[in-house]
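The file input_23.tsv comes next; it holds TSV, C-alpha atoms.
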chain	number	residue	atom	x	y	z
K	1	MET	CA	15.57	9.23	29.38
K	2	ASP	CA	14.78	6.01	31.29
K	3	ASN	CA	14.16	2.65	29.67
K	4	GLY	CA	10.39	3.07	29.84
K	5	ASP	CA	10.49	6.36	27.93
K	6	TRP	CA	12.77	4.85	25.31
K	7	GLY	CA	10.52	1.82	24.87
K	8	HIS	CA	7.55	4.16	24.37
K	9	ARG	CA	9.42	6.12	21.70
K	10	MET	CA	10.38	2.92	19.89
K	11	THR	CA	6.78	1.71	19.63
K	12	THR	CA	4.87	4.99	19.22
K	13	PRO	CA	3.53	5.26	15.65
K	14	ILE	CA	5.14	7.85	13.40
K	15	THR	CA	3.42	9.13	10.25
K	16	LEU	CA	5.47	10.18	7.25
K	17	ASN	CA	4.26	12.20	4.28
K	18	VAL	CA	6.45	11.01	1.40
K	19	GLY	CA	5.60	12.89	-1.78
K	20	GLY	CA	1.94	13.13	-0.75
K	21	HIS	CA	1.60	9.49	0.38
K	22	LEU	CA	1.08	8.83	4.10
K	23	TYR	CA	2.87	5.93	5.81
K	24	THR	CA	2.66	4.98	9.48
K	25	THR	CA	5.43	2.99	11.12
K	26	SER	CA	7.55	2.89	14.30
K	27	LEU	CA	10.71	4.72	15.26
K	28	SER	CA	12.56	1.42	15.63
K	29	THR	CA	11.75	0.53	12.00
K	30	LEU	CA	12.98	3.89	10.71
K	31	GLN	CA	16.21	3.49	12.72
K	32	ARG	CA	16.87	-0.13	11.73
K	33	TYR	CA	19.98	1.02	9.84
K	34	PRO	CA	21.51	3.79	11.99
K	35	ASP	CA	23.93	4.90	9.26
K	36	SER	CA	21.11	5.52	6.77
K	37	MET	CA	19.57	8.92	6.08
K	38	LEU	CA	16.40	7.92	7.98
K	39	GLY	CA	18.49	6.70	10.90
K	40	ALA	CA	20.26	10.06	11.08
K	41	MET	CA	17.03	11.99	10.50
K	42	PHE	CA	15.25	10.40	13.45
K	43	ARG	CA	18.34	10.54	15.60
K	44	GLY	CA	18.14	14.32	15.39
K	45	ASP	CA	21.34	14.80	13.40
K	46	PHE	CA	19.69	17.28	11.03
K	47	PRO	CA	16.44	19.32	10.94
K	48	THR	CA	13.21	17.66	9.81
K	49	ALA	CA	10.35	19.18	7.82
K	50	ARG	CA	6.65	18.85	8.71
K	51	ASP	CA	3.51	19.16	6.60
K	52	SER	CA	0.44	21.19	7.60
K	53	HIS	CA	-0.85	18.25	9.68
K	54	GLY	CA	2.39	17.83	11.61
K	55	ASN	CA	3.54	14.72	9.74
K	56	TYR	CA	7.22	14.36	8.86
K	57	PHE	CA	7.62	15.39	5.23
K	58	ILE	CA	10.08	13.91	2.72
K	59	ASP	CA	10.01	15.21	-0.85
K	60	ARG	CA	10.64	11.89	-2.59
K	61	ASP	CA	8.71	9.27	-4.59
K	62	GLY	CA	5.80	8.29	-2.34
K	63	THR	CA	4.82	5.19	-4.32
K	64	LEU	CA	8.28	3.61	-4.23
K	65	PHE	CA	8.65	4.33	-0.51
K	66	ARG	CA	6.42	1.31	0.20
K	67	TYR	CA	9.34	-0.93	-0.87
K	68	ILE	CA	11.81	1.10	1.19
K	69	LEU	CA	9.63	0.77	4.28
K	70	ASN	CA	8.99	-2.95	3.77
K	71	PHE	CA	12.74	-3.53	3.53
K	72	LEU	CA	13.22	-1.65	6.80
K	73	ARG	CA	10.60	-3.88	8.41
K	74	THR	CA	11.91	-7.24	7.19
K	75	SER	CA	15.47	-6.67	5.87
K	76	GLU	CA	14.29	-8.52	2.75
K	77	LEU	CA	13.70	-7.11	-0.72
K	78	THR	CA	10.33	-8.27	-2.05
K	79	LEU	CA	9.11	-6.92	-5.39
K	80	PRO	CA	6.22	-7.94	-7.68
K	81	VAL	CA	7.30	-10.17	-10.56
K	82	ASP	CA	6.22	-7.51	-13.05
K	83	PHE	CA	8.09	-4.69	-11.27
K	84	THR	CA	9.72	-2.38	-13.85
K	85	GLU	CA	11.09	0.49	-11.79
K	86	THR	CA	14.27	-1.07	-10.41
K	87	ASP	CA	16.44	1.83	-11.58
K	88	LEU	CA	14.18	4.35	-9.85
K	89	LEU	CA	14.09	2.25	-6.69
K	90	ARG	CA	17.88	2.05	-6.75
K	91	LYS	CA	18.01	5.87	-6.81
K	92	GLU	CA	15.63	6.01	-3.85
K	93	ALA	CA	17.75	3.49	-1.91
K	94	ASP	CA	20.80	5.60	-2.69
K	95	PHE	CA	19.04	8.75	-1.46
K	96	TYR	CA	18.11	7.07	1.83
K	97	GLN	CA	21.61	5.53	2.00
K	98	ILE	CA	20.37	2.08	3.01
K	99	GLU	CA	23.44	0.03	2.11
K	100	PRO	CA	21.91	-3.48	2.48
K	101	LEU	CA	19.07	-2.46	0.14
K	102	ILE	CA	21.51	-0.98	-2.36
K	103	GLN	CA	23.41	-4.31	-2.32
K	104	CYS	CA	20.18	-6.27	-2.90
K	105	LEU	CA	19.28	-4.08	-5.87
K	106	ASN	CA	22.76	-4.43	-7.34
K	107	ASP	CA	22.77	-8.20	-6.84
K	108	PRO	CA	19.12	-9.31	-6.93
K	109	LYS	CA	18.27	-12.86	-5.90
K	110	PRO	CA	15.10	-14.63	-7.04
K	111	LEU	CA	12.32	-14.54	-4.47
K	112	TYR	CA	11.07	-18.03	-5.37
K	113	PRO	CA	12.56	-21.18	-6.99
K	114	PRO	CA	12.67	-21.15	-10.82
K	115	ASP	CA	9.39	-23.09	-11.16
K	116	ILE	CA	7.49	-20.70	-8.85
K	117	PHE	CA	6.23	-17.21	-9.59
K	118	GLU	CA	4.15	-14.68	-7.67
K	119	GLN	CA	0.54	-13.83	-8.47
K	120	VAL	CA	-0.59	-10.34	-7.45
K	121	VAL	CA	-4.00	-8.80	-6.74
K	122	GLU	CA	-4.42	-5.05	-6.27
K	123	LEU	CA	-7.54	-3.77	-4.48
K	124	SER	CA	-8.18	-0.03	-4.39
K	125	SER	CA	-11.00	1.91	-2.77
K	126	THR	CA	-11.74	5.58	-3.52
K	127	ARG	CA	-14.23	7.12	-1.09
K	128	LYS	CA	-15.54	10.69	-1.43
K	129	LEU	CA	-16.95	12.25	1.75
K	130	SER	CA	-18.91	15.48	2.19
K	131	LYS	CA	-17.80	17.92	4.88
K	132	TYR	CA	-21.32	19.24	5.30
K	133	SER	CA	-23.30	16.03	5.71
K	134	ASN	CA	-23.37	13.32	8.35
K	135	PRO	CA	-19.69	12.29	8.76
K	136	VAL	CA	-20.55	8.60	8.29
K	137	ALA	CA	-22.32	9.17	4.95
K	138	VAL	CA	-20.40	8.03	1.88
K	139	ILE	CA	-21.15	10.16	-1.16
K	140	ILE	CA	-19.71	7.72	-3.70
K	141	THR	CA	-17.22	4.86	-3.58
K	142	GLN	CA	-15.33	3.03	-6.30
K	143	LEU	CA	-13.73	-0.36	-5.66
K	144	THR	CA	-11.32	-1.72	-8.27
K	145	ILE	CA	-9.75	-5.20	-8.34
K	146	THR	CA	-6.81	-5.64	-10.72
K	147	THR	CA	-5.13	-9.02	-11.33
K	148	LYS	CA	-4.00	-11.35	-14.10
K	149	VAL	CA	-5.69	-14.23	-12.26
K	150	HIS	CA	-8.82	-14.38	-14.43
K	151	ALA	CA	-10.45	-17.07	-12.28
K	152	LEU	CA	-10.42	-14.65	-9.34
K	153	LEU	CA	-12.10	-11.90	-11.36
K	154	GLU	CA	-14.76	-14.34	-12.56
K	155	GLY	CA	-15.29	-15.54	-8.99
K	156	ILE	CA	-15.79	-11.98	-7.75
K	157	SER	CA	-18.31	-11.26	-10.53
K	158	ASN	CA	-20.19	-14.49	-9.76
K	159	ASN	CA	-20.11	-14.26	-5.95
K	160	PHE	CA	-21.00	-10.57	-5.64
K	161	THR	CA	-24.08	-10.70	-7.85
K	162	LYS	CA	-26.05	-8.21	-5.76
K	163	TRP	CA	-23.49	-5.58	-6.78
K	164	ASN	CA	-23.69	-6.41	-10.51
K	165	LYS	CA	-25.98	-3.45	-11.12
K	166	HIS	CA	-23.20	-1.22	-9.81
K	167	MET	CA	-20.45	-2.83	-11.91
K	168	MET	CA	-18.93	-0.02	-13.92
K	169	ASP	CA	-16.31	-1.84	-15.93
K	170	THR	CA	-15.02	-5.34	-16.57
K	171	ARG	CA	-11.79	-5.85	-18.49
K	172	ASP	CA	-9.29	-8.67	-19.02
K	173	CYS	CA	-7.42	-7.85	-15.81
K	174	GLN	CA	-9.82	-5.58	-13.91
K	175	VAL	CA	-13.30	-5.30	-12.45
K	176	SER	CA	-14.68	-2.13	-10.87
K	177	PHE	CA	-17.73	-1.27	-8.76
K	178	THR	CA	-19.02	2.28	-8.41
K	179	PHE	CA	-21.88	2.84	-5.97
K	180	GLY	CA	-23.47	5.43	-3.70
K	181	PRO	CA	-24.58	7.43	-1.99
K	182	CYS	CA	-24.68	4.76	0.68
K	183	ASP	CA	-24.15	4.27	4.37
K	184	TYR	CA	-20.58	4.00	5.63
K	185	HIS	CA	-21.26	0.53	7.04
K	186	GLN	CA	-22.52	-0.74	3.68
K	187	GLU	CA	-19.32	0.41	2.02
K	188	VAL	CA	-17.12	-1.18	4.68
K	189	SER	CA	-19.12	-4.43	4.56
K	190	LEU	CA	-18.57	-4.85	0.82
K	191	ARG	CA	-14.87	-4.03	1.11
K	192	VAL	CA	-14.38	-6.52	3.98
K	193	HIS	CA	-16.20	-9.25	2.08
K	194	LEU	CA	-14.03	-8.63	-1.00
K	195	MET	CA	-10.83	-8.82	1.06
K	196	ASP	CA	-12.04	-11.98	2.79
K	197	TYR	CA	-12.88	-13.58	-0.56
K	198	ILE	CA	-9.43	-12.75	-1.98
K	199	MET	CA	-7.63	-14.17	1.07
K	200	LYS	CA	-9.69	-17.36	0.94
K	201	GLN	CA	-8.18	-17.94	-2.51
K	202	GLY	CA	-4.75	-18.26	-0.86
K	203	PHE	CA	-3.59	-14.64	-1.12
K	204	THR	CA	-2.05	-12.74	1.77
K	205	ILE	CA	-1.77	-8.98	2.24
K	206	ARG	CA	1.69	-7.75	1.25
K	207	ASN	CA	1.18	-4.02	1.58
K	208	THR	CA	-1.42	-1.38	2.49
K	209	ARG	CA	-1.45	2.37	2.13
K	210	VAL	CA	-3.85	5.29	2.61
K	211	HIS	CA	-3.87	8.59	0.72
K	212	HIS	CA	-5.96	11.60	1.80
K	213	MET	CA	-6.60	14.48	-0.57
K	214	SER	CA	-9.02	17.37	-1.04
K	215	GLU	CA	-10.39	17.86	-4.53
K	216	ARG	CA	-12.87	20.67	-3.81
K	217	ALA	CA	-13.75	22.95	-0.94
K	218	ASN	CA	-16.71	20.76	0.09
K	219	GLU	CA	-15.31	17.35	-0.66
K	220	ASN	CA	-12.68	15.04	0.83
K	221	THR	CA	-11.35	11.99	-0.98
K	222	VAL	CA	-9.72	9.04	0.78
K	223	GLU	CA	-7.91	6.35	-1.18
K	224	HIS	CA	-7.09	2.93	0.31
K	225	HIS	CA	-4.90	0.45	-1.52
K	226	TRP	CA	-4.07	-3.19	-0.71
K	227	THR	CA	-1.64	-5.54	-2.45
K	228	PHE	CA	-2.22	-9.30	-2.09
K	229	CYS	CA	0.25	-11.99	-3.23
K	230	ARG	CA	0.46	-15.76	-3.48
K	231	PRO	CA	3.08	-18.12	-4.99
K	232	ALA	CA	2.05	-20.31	-7.93
K	233	HIS	CA	3.71	-23.00	-10.03
K	234	LYS	CA	4.60	-22.16	-13.60
K	235	VAL	CA	2.76	-24.18	-16.20
K	236	GLU	CA	4.72	-25.67	-19.08
K	237	ASP	CA	3.51	-24.69	-22.55

Transcribe the structure of this file into structure tokens.
Amino acid sequence: MDNGDWGHRMTTPITLNVGGHLYTTSLSTLQRYPDSMLGAMFRGDFPTARDSHGNYFIDRDGTLFRYILNFLRTSELTLPVDFTETDLLRKEADFYQIEPLIQCLNDPKPLYPPDIFEQVVELSSTRKLSKYSNPVAVIITQLTITTKVHALLEGISNNFTKWNKHMMDTRDCQVSFTFGPCDYHQEVSLRVHLMDYIMKQGFTIRNTRVHHMSERANENTVEHHWTFCRPAHKVED
């Protein structure tokens, strides 16, 4: 294999199905730690499994894999301040045999100085599409914003007034919109405006993921999920 072929392999996207969650990354990211299980797997040291769509399949916790993959990308362990599954993540790191990650989990260091903490916003979109109608038609979509930053929730409710009639639920830490049927472009426009509004409040995207599933013979469901974060100063009582 010449250098050009190798460079192509290192940058070609690879999709993994981890416990039903799809992740797309590069070969170079998966092989960042050659002695890890993923390094050996994509070096061809042992057989790999594929799902029905040809994606590499790993029968492990798909939700926690987001932290595994982010560590492979940055060599830094970054977890939400309210993360409660450290023991489970440690087991996943042990399964994948990523020694630097195992060391970080055994000897965690604070992400920010003592007077700084991390605020988190979760944005999820559930879109149900019909197989038998125009492929750009959206049957129904639900958008949910979850955060402890109450000012952000109030701002979304106040700045997206034309969607108030679609607002399904408003709670202390969550606001949801359910709407449809509507055109695909209308759905995308609202989602883009929501993301833009969140980022203008100082948040940056930490993680994204997409999950495809079929609920019925004539219906496909696609779930998108984004995690936004920003540092904030603690306020003395």

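In terms of minimum interatomic distance to Phe228 (chain K), K:Thr147 ranks closest within K:Thr48, K:Thr147, K:Asn55, K:Thr84, counting only C-alpha atoms.
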
- Counting all atoms listed in the file, what is within 12 Å of Asn106 (chain K), bar same-chain residues fewer than 3 positions away, as a count of residues only? 14

- Item | Computed interatomic separation between CA of Asn70 (chain K) and CA of Cys173 (chain K) (Å) |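 Separation between CA of Asn70 (chain K) and CA of Cys173 (chain K): 26.0 Å.
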
- CA of Ser28 (chain K) to CA of Phe65 (chain K), distance in Å rounded to a single decimal: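 So the two atoms, CA of Ser28 (chain K) and CA of Phe65 (chain K), lie 16.9 Å apart.
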
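Atom pair CA of Leu190 (chain K) / CA of Arg127 (chain K) has a distance of 12.9 Å (rounded to one decimal).
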
Got a sec: who's within 12 Å of Arg209 (chain K), counting all atoms listed in the file, leaving out chain neighbours fewer than 5 positions off, as a short mmCIF file (atom, residue, chain, number, x, y, z; two decimals) with C-alpha atoms, in the frame of the given file?
data_model
loop_
_atom_site.label_atom_id
_atom_site.label_comp_id
_atom_site.auth_asym_id
_atom_site.auth_seq_id
_atom_site.Cartn_x
_atom_site.Cartn_y
_atom_site.Cartn_z
CA THR K 15 3.42 9.13 10.25
CA LEU K 16 5.47 10.18 7.25
CA ASN K 17 4.26 12.20 4.28
CA VAL K 18 6.45 11.01 1.40
CA GLY K 20 1.94 13.13 -0.75
CA HIS K 21 1.60 9.49 0.38
CA LEU K 22 1.08 8.83 4.10
CA TYR K 23 2.87 5.93 5.81
CA THR K 24 2.66 4.98 9.48
CA THR K 25 5.43 2.99 11.12
CA GLY K 62 5.80 8.29 -2.34
CA THR K 63 4.82 5.19 -4.32
CA LEU K 64 8.28 3.61 -4.23
CA PHE K 65 8.65 4.33 -0.51
CA ARG K 66 6.42 1.31 0.20
CA TYR K 67 9.34 -0.93 -0.87
CA LEU K 69 9.63 0.77 4.28
CA ASN K 70 8.99 -2.95 3.77
CA GLU K 122 -4.42 -5.05 -6.27
CA LEU K 123 -7.54 -3.77 -4.48
CA SER K 124 -8.18 -0.03 -4.39
CA SER K 125 -11.00 1.91 -2.77
CA VAL K 222 -9.72 9.04 0.78
CA GLU K 223 -7.91 6.35 -1.18
CA HIS K 224 -7.09 2.93 0.31
CA HIS K 225 -4.90 0.45 -1.52
CA TRP K 226 -4.07 -3.19 -0.71
CA THR K 227 -1.64 -5.54 -2.45
#

- Query: Neighbours of Ile156 (chain K) within 10 Å (all atoms listed in the file; same-chain residues fewer than 6 positions away dropped), as an NGL selection string?
  - Reply: :K and (145 or 150 or 175 or 194 or 197-198)

Ala232 (chain K) environment, 8 Å, all atoms listed in the file, sequence neighbours closer than 2 positions dropped, as an mmCIF file with C-alpha atoms, in the frame of the given file:
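Result went into part.cif, see below:
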data_model
loop_
_atom_site.group_PDB
_atom_site.id
_atom_site.type_symbol
_atom_site.label_atom_id
_atom_site.label_comp_id
_atom_site.auth_asym_id
_atom_site.auth_seq_id
_atom_site.Cartn_x
_atom_site.Cartn_y
_atom_site.Cartn_z
ATOM 1 C CA ILE K 116 7.490 -20.700 -8.850
ATOM 2 C CA PHE K 117 6.230 -17.210 -9.590
ATOM 3 C CA GLU K 118 4.150 -14.680 -7.670
ATOM 4 C CA GLN K 119 0.540 -13.830 -8.470
ATOM 5 C CA ARG K 230 0.460 -15.760 -3.480
ATOM 6 C CA LYS K 234 4.600 -22.160 -13.600
#

- Query: So which residues are close to (-0.4, -8.7, 0.7), meaning at most 6 Å away in the file's coordinates with only C-alpha atoms counted, and can you show them as a list in words?
  - Reply: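 Checking each residue against the 6 Å limit leaves Thr204, Ile205, Arg206, Asn207, Thr227, Phe228 and Cys229 of chain K.
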
What would the file look like if the residues just selected were written as a PDB file, in the coordinates of the input with C-alpha atoms?
ATOM      1  CA  THR K 204      -2.050 -12.740   1.770  1.00  0.00           C
ATOM      2  CA  ILE K 205      -1.770  -8.980   2.240  1.00  0.00           C
ATOM      3  CA  ARG K 206       1.690  -7.750   1.250  1.00  0.00           C
ATOM      4  CA  ASN K 207       1.180  -4.020   1.580  1.00  0.00           C
ATOM      5  CA  THR K 227      -1.640  -5.540  -2.450  1.00  0.00           C
ATOM      6  CA  PHE K 228      -2.220  -9.300  -2.090  1.00  0.00           C
ATOM      7  CA  CYS K 229       0.250 -11.990  -3.230  1.00  0.00           C
TER       8      CYS K 229
END

- Message: So, with all atoms listed in the file as the atoms that count, which of K:Val188, K:Leu105, K:Ala151, K:Leu30 lies closest to Arg73 (chain K)?
- Response: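 Nearest candidate to Arg73 (chain K) out of K:Val188, K:Leu105, K:Ala151, K:Leu30: K:Leu30.
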
- Query: Counting all atoms listed in the file, what is within 10 Å of Gly39 (chain K), bar same-chain residues fewer than 5 positions away, as a PyMOL selection string?
  - Reply: chain K and resi 27-34+44-45+96-98
